[in-house]
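Q: Dropping in query04.txt, which is compact mmCIF, C-alpha atoms:
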# COMPACT_ATOMS: atom_id res chain seq x y z
CA MET A 9 85.84 -1.26 -11.29
CA ILE A 10 83.51 0.38 -13.77
CA LYS A 11 82.58 3.97 -13.07
CA LEU A 12 79.28 5.13 -14.51
CA GLU A 13 78.93 8.82 -15.12
CA ILE A 14 75.76 10.64 -16.01
CA TYR A 15 76.04 14.19 -17.25
CA GLU A 16 73.86 16.99 -16.03
CA LEU A 17 73.84 20.59 -17.13
CA ASN A 18 76.10 21.53 -14.24
CA GLY A 19 78.49 18.60 -14.40
CA VAL A 20 78.83 14.91 -13.65
CA ILE A 21 76.77 13.18 -10.98
CA GLU A 22 77.52 9.83 -9.38
CA MET A 23 75.44 6.75 -10.10
CA SER A 24 74.47 6.54 -6.41
CA GLU A 25 72.89 9.99 -6.74
CA VAL A 26 70.97 8.83 -9.81
CA LEU A 27 69.67 5.82 -7.87
CA THR A 28 68.73 8.02 -4.91
CA ARG A 29 66.79 10.36 -7.17
CA ARG A 30 65.09 7.45 -8.91
CA LYS A 31 63.97 5.96 -5.58
CA LYS A 32 62.61 9.36 -4.55
CA TRP A 33 60.65 9.71 -7.82
CA GLU A 34 59.28 6.17 -7.53
CA GLU A 35 58.11 6.88 -3.98
CA GLU A 36 56.46 10.13 -5.09
CA ASP A 37 54.71 8.27 -7.92
CA ARG A 38 53.50 5.58 -5.51
CA GLU A 39 52.13 8.17 -3.08
CA ALA A 40 50.36 10.07 -5.87
CA ARG A 41 48.81 6.83 -7.17
CA GLU A 42 47.54 5.98 -3.67
CA ILE A 43 45.96 9.43 -3.32
CA ARG A 44 44.24 9.15 -6.71
CA ARG A 45 42.96 5.65 -5.81
CA LYS A 46 41.72 6.76 -2.39
CA TYR A 47 39.68 9.74 -3.57
CA ALA A 48 38.36 8.34 -6.87
CA ASP A 49 34.62 7.69 -7.17
CA TRP A 50 34.90 4.01 -8.04
CA SER A 51 31.15 3.49 -8.55
CA PHE A 52 31.19 6.29 -11.15
CA ILE A 53 34.28 4.83 -12.83
CA GLU A 54 32.89 1.29 -12.95
CA SER A 55 29.61 2.57 -14.43
CA GLN A 56 31.38 4.09 -17.45
CA PRO A 57 31.51 2.32 -20.81
CA GLU A 58 34.74 1.19 -22.39
CA PRO A 59 37.16 2.78 -23.28
CA ILE A 60 36.29 5.57 -20.80
CA LYS A 61 36.49 3.23 -17.81
CA SER A 62 39.94 2.03 -18.88
CA ALA A 63 41.09 5.60 -19.50
CA LEU A 64 40.03 6.68 -16.00
CA LYS A 65 41.84 3.70 -14.49
CA CYS A 66 44.91 4.50 -16.58
CA PHE A 67 44.86 8.06 -15.27
CA ILE A 68 44.66 6.79 -11.70
CA GLU A 69 47.70 4.58 -12.25
CA LEU A 70 49.85 6.95 -14.30
CA GLY A 71 48.53 10.46 -13.66
CA ASP A 72 48.94 11.28 -17.36
CA LEU A 73 46.00 13.29 -18.72
CA TYR A 74 47.27 13.16 -22.28
CA VAL A 75 47.62 9.37 -22.44
CA ALA A 76 44.29 8.82 -20.69
CA SER A 77 42.52 11.26 -23.02
CA ARG A 78 43.88 9.39 -26.06
CA ILE A 79 42.60 6.08 -24.65
CA ALA A 80 39.17 7.65 -24.16
CA ASN A 81 39.30 9.24 -27.62
CA MET A 82 38.69 12.67 -26.08
CA SER A 83 40.49 15.97 -25.96
CA VAL A 84 42.53 16.63 -22.84
CA ASP A 85 39.97 19.26 -21.74
CA GLU A 86 37.06 16.85 -22.22
CA PHE A 87 38.86 14.12 -20.30
CA ASN A 88 39.78 16.55 -17.53
CA GLU A 89 36.07 17.34 -17.05
CA LEU A 90 35.38 13.61 -16.83
CA ARG A 91 38.22 13.25 -14.31
CA LYS A 92 36.53 15.89 -12.14
CA LYS A 93 33.20 14.01 -12.29
CA ALA A 94 35.07 10.88 -11.19
CA ARG A 95 36.57 12.91 -8.31
CA ILE A 96 40.11 11.86 -9.21
CA PRO A 97 42.55 14.47 -7.89
CA VAL A 98 45.50 15.79 -9.83
CA VAL A 99 48.53 15.26 -7.61
CA VAL A 100 51.51 17.54 -8.22
Would you write out, as structure tokens, the structure that this file holds?
A:
Amino acid sequence: MIKLEIYELNGVIEMSEVLTRRKKWEEEDREAREIRRKYADWSFIESQPEPIKSALKCFIELGDLYVASRIANMSVDEFNELRKKARIPVVV
């Protein structure tokens, strides 16, 4: 039997704990994505030119302002203002 160990600052954790945490994070990501999709102003998003439309959709899927701002060729602050106009919530 192979024993996988992953080290944390306070010691070793079991692989089952790693999998449990991963499932929890994946569920949180899914819920956040659903919230962003639900509240987004899709008519505003679809009316935007490329690459802004793709950047807004990327933000909805990933929740990453930095990556989305790079796609849109904007600063993070500029993209965040656009996100607000599109009514896409930031889910923490």
Q: Nearest to Ser51 in chain A: which of A:Glu34, A:Asp85, A:Ala63, A:Ala94 is it, counting only C-alpha atoms?
A: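 The shortest atom-to-atom distance to Ser51 in chain A comes from A:Ala94.
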Q: Could you tell me how far CA of Arg44 in chain A sits from CA of Leu27 in chain A, in Å to one decimal place?
A: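 Straight-line distance from CA of Leu27 in chain A to CA of Arg44 in chain A works out to 25.7 Å.
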Q: So that each row is one residue of range 14-60 of chain A with an atom at most 9 Å from range 74-80 of chain A, can you give its shortest atom pair and the distance in Å to one decimal, using all atoms listed in the file, rows by chain and rising number, as JSON lines?
A:
{"residue": "A:Glu58", "atom": "CA", "partner": "A:Ala80", "partner_atom": "CA", "distance": 8.0}
{"residue": "A:Pro59", "atom": "CA", "partner": "A:Ala80", "partner_atom": "CA", "distance": 5.3}
{"residue": "A:Ile60", "atom": "CA", "partner": "A:Ala80", "partner_atom": "CA", "distance": 4.9}
Q: Using Å and a single decimal, report how far CA of Val98 in chain A sits from CA of Lys61 in chain A.
A: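 Separation between CA of Lys61 in chain A and CA of Val98 in chain A: 17.4 Å.
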Q: Using Å and a single decimal, report how far CA of Arg95 in chain A sits from CA of Arg45 in chain A.
A: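 Distance reported for this atom pair: 10.0 Å.
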Q: For each of A:Val100, A:Ile68, A:Val26, A:Leu73, take the minimum atom-to-atom distance to Asn88 in chain A, counting all atoms listed in the file, then give the residue where this is smallest.
A: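 Smallest separation from Asn88 in chain A among the options: A:Leu73.
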Q: Skip Val99 in chain A itself and residues of its chain fewer than 5 positions away, then list as a list in words all residues within 12 Å of it, counting all atoms listed in the file.
A: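 Non-adjacent residues within range: Glu36, Asp37, Arg38, Glu39, Ala40, Arg41, Glu42, Ile43, Arg44, Arg45, Tyr47, Phe67, Ile68, Glu69, Leu70, Gly71, Asp72 and Leu73 of chain A.
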Q: Please determine, counting all atoms listed in the file, which residue among A:Leu64, A:Val84, A:Met23, A:Leu90 has the shortest atom-to-atom distance to Trp50 in chain A.
A: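 Using all atoms listed in the file, Trp50 in chain A sits closest to A:Leu64.
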Q: Taking all atoms listed in the file into account, name the residue in A:Glu89, A:Arg29, A:Asn81, A:Glu22 that is nearest to Ser62 in chain A.
A: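 Nearest to Ser62 in chain A: A:Asn81.
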Q: Would you save range 28-54 of chain A from the block above with N, CA and C atoms, as an mmCIF file, in the first residue's frame?
A:
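Listing of part-v4.cif after writing:
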data_model
loop_
_atom_site.group_PDB
_atom_site.id
_atom_site.type_symbol
_atom_site.label_atom_id
_atom_site.label_comp_id
_atom_site.auth_asym_id
_atom_site.auth_seq_id
_atom_site.Cartn_x
_atom_site.Cartn_y
_atom_site.Cartn_z
ATOM 1 N N THR A 28 -10.942 15.824 0.667
ATOM 2 C CA THR A 28 -12.102 16.473 1.288
ATOM 3 C C THR A 28 -12.030 17.976 1.096
ATOM 4 N N ARG A 29 -10.863 18.541 1.324
ATOM 5 C CA ARG A 29 -10.687 19.990 1.150
ATOM 6 C C ARG A 29 -10.886 20.386 -0.307
ATOM 7 N N ARG A 30 -10.355 19.574 -1.211
ATOM 8 C CA ARG A 30 -10.494 19.884 -2.637
ATOM 9 C C ARG A 30 -11.965 19.887 -3.059
ATOM 10 N N LYS A 31 -12.721 18.891 -2.596
ATOM 11 C CA LYS A 31 -14.147 18.836 -2.914
ATOM 12 C C LYS A 31 -14.868 20.066 -2.379
ATOM 13 N N LYS A 32 -14.504 20.480 -1.174
ATOM 14 C CA LYS A 32 -15.114 21.666 -0.569
ATOM 15 C C LYS A 32 -14.798 22.902 -1.411
ATOM 16 N N TRP A 33 -13.539 23.062 -1.835
ATOM 17 C CA TRP A 33 -13.163 24.222 -2.650
ATOM 18 C C TRP A 33 -13.865 24.206 -4.000
ATOM 19 N N GLU A 34 -13.975 23.023 -4.604
ATOM 20 C CA GLU A 34 -14.663 22.916 -5.889
ATOM 21 C C GLU A 34 -16.133 23.290 -5.751
ATOM 22 N N GLU A 35 -16.767 22.880 -4.671
ATOM 23 C CA GLU A 35 -18.171 23.219 -4.428
ATOM 24 C C GLU A 35 -18.324 24.724 -4.215
ATOM 25 N N GLU A 36 -17.409 25.323 -3.458
ATOM 26 C CA GLU A 36 -17.454 26.771 -3.250
ATOM 27 C C GLU A 36 -17.276 27.514 -4.570
ATOM 28 N N ASP A 37 -16.364 27.046 -5.410
ATOM 29 C CA ASP A 37 -16.155 27.662 -6.719
ATOM 30 C C ASP A 37 -17.413 27.552 -7.577
ATOM 31 N N ARG A 38 -18.049 26.389 -7.556
ATOM 32 C CA ARG A 38 -19.274 26.178 -8.349
ATOM 33 C C ARG A 38 -20.379 27.122 -7.885
ATOM 34 N N GLU A 39 -20.547 27.233 -6.569
ATOM 35 C CA GLU A 39 -21.581 28.119 -6.027
ATOM 36 C C GLU A 39 -21.312 29.576 -6.387
ATOM 37 N N ALA A 40 -20.059 29.999 -6.298
ATOM 38 C CA ALA A 40 -19.701 31.377 -6.640
ATOM 39 C C ALA A 40 -19.979 31.645 -8.119
ATOM 40 N N ARG A 41 -19.628 30.702 -8.980
ATOM 41 C CA ARG A 41 -19.867 30.841 -10.417
ATOM 42 C C ARG A 41 -21.363 30.975 -10.694
ATOM 43 N N GLU A 42 -22.178 30.164 -10.029
ATOM 44 C CA GLU A 42 -23.632 30.242 -10.210
ATOM 45 C C GLU A 42 -24.171 31.599 -9.784
ATOM 46 N N ILE A 43 -23.674 32.143 -8.691
ATOM 47 C CA ILE A 43 -24.107 33.463 -8.218
ATOM 48 C C ILE A 43 -23.726 34.534 -9.236
ATOM 49 N N ARG A 44 -22.476 34.490 -9.723
ATOM 50 C CA ARG A 44 -22.058 35.482 -10.720
ATOM 51 C C ARG A 44 -22.906 35.374 -11.984
ATOM 52 N N ARG A 45 -23.199 34.159 -12.433
ATOM 53 C CA ARG A 45 -24.035 33.964 -13.627
ATOM 54 C C ARG A 45 -25.446 34.509 -13.411
ATOM 55 N N LYS A 46 -25.998 34.230 -12.247
ATOM 56 C CA LYS A 46 -27.383 34.609 -11.951
ATOM 57 C C LYS A 46 -27.576 36.123 -11.958
ATOM 58 N N TYR A 47 -26.653 36.859 -11.367
ATOM 59 C CA TYR A 47 -26.842 38.292 -11.200
ATOM 60 C C TYR A 47 -26.249 39.136 -12.318
ATOM 61 N N ALA A 48 -25.485 38.542 -13.210
ATOM 62 C CA ALA A 48 -24.862 39.295 -14.305
ATOM 63 C C ALA A 48 -25.918 39.865 -15.244
ATOM 64 N N ASP A 49 -25.644 41.040 -15.768
ATOM 65 C CA ASP A 49 -26.501 41.682 -16.769
ATOM 66 C C ASP A 49 -26.055 41.172 -18.143
ATOM 67 N N TRP A 50 -26.681 40.084 -18.585
ATOM 68 C CA TRP A 50 -26.235 39.410 -19.801
ATOM 69 C C TRP A 50 -26.450 40.255 -21.044
ATOM 70 N N SER A 51 -27.481 41.107 -21.071
ATOM 71 C CA SER A 51 -27.675 41.952 -22.256
ATOM 72 C C SER A 51 -26.532 42.972 -22.361
ATOM 73 N N PHE A 52 -26.079 43.494 -21.214
ATOM 74 C CA PHE A 52 -24.939 44.409 -21.218
ATOM 75 C C PHE A 52 -23.687 43.676 -21.690
ATOM 76 N N ILE A 53 -23.463 42.490 -21.150
ATOM 77 C CA ILE A 53 -22.265 41.714 -21.501
ATOM 78 C C ILE A 53 -22.244 41.402 -22.987
ATOM 79 N N GLU A 54 -23.362 40.915 -23.521
ATOM 80 C CA GLU A 54 -23.421 40.538 -24.937
ATOM 81 C C GLU A 54 -23.294 41.738 -25.864
#
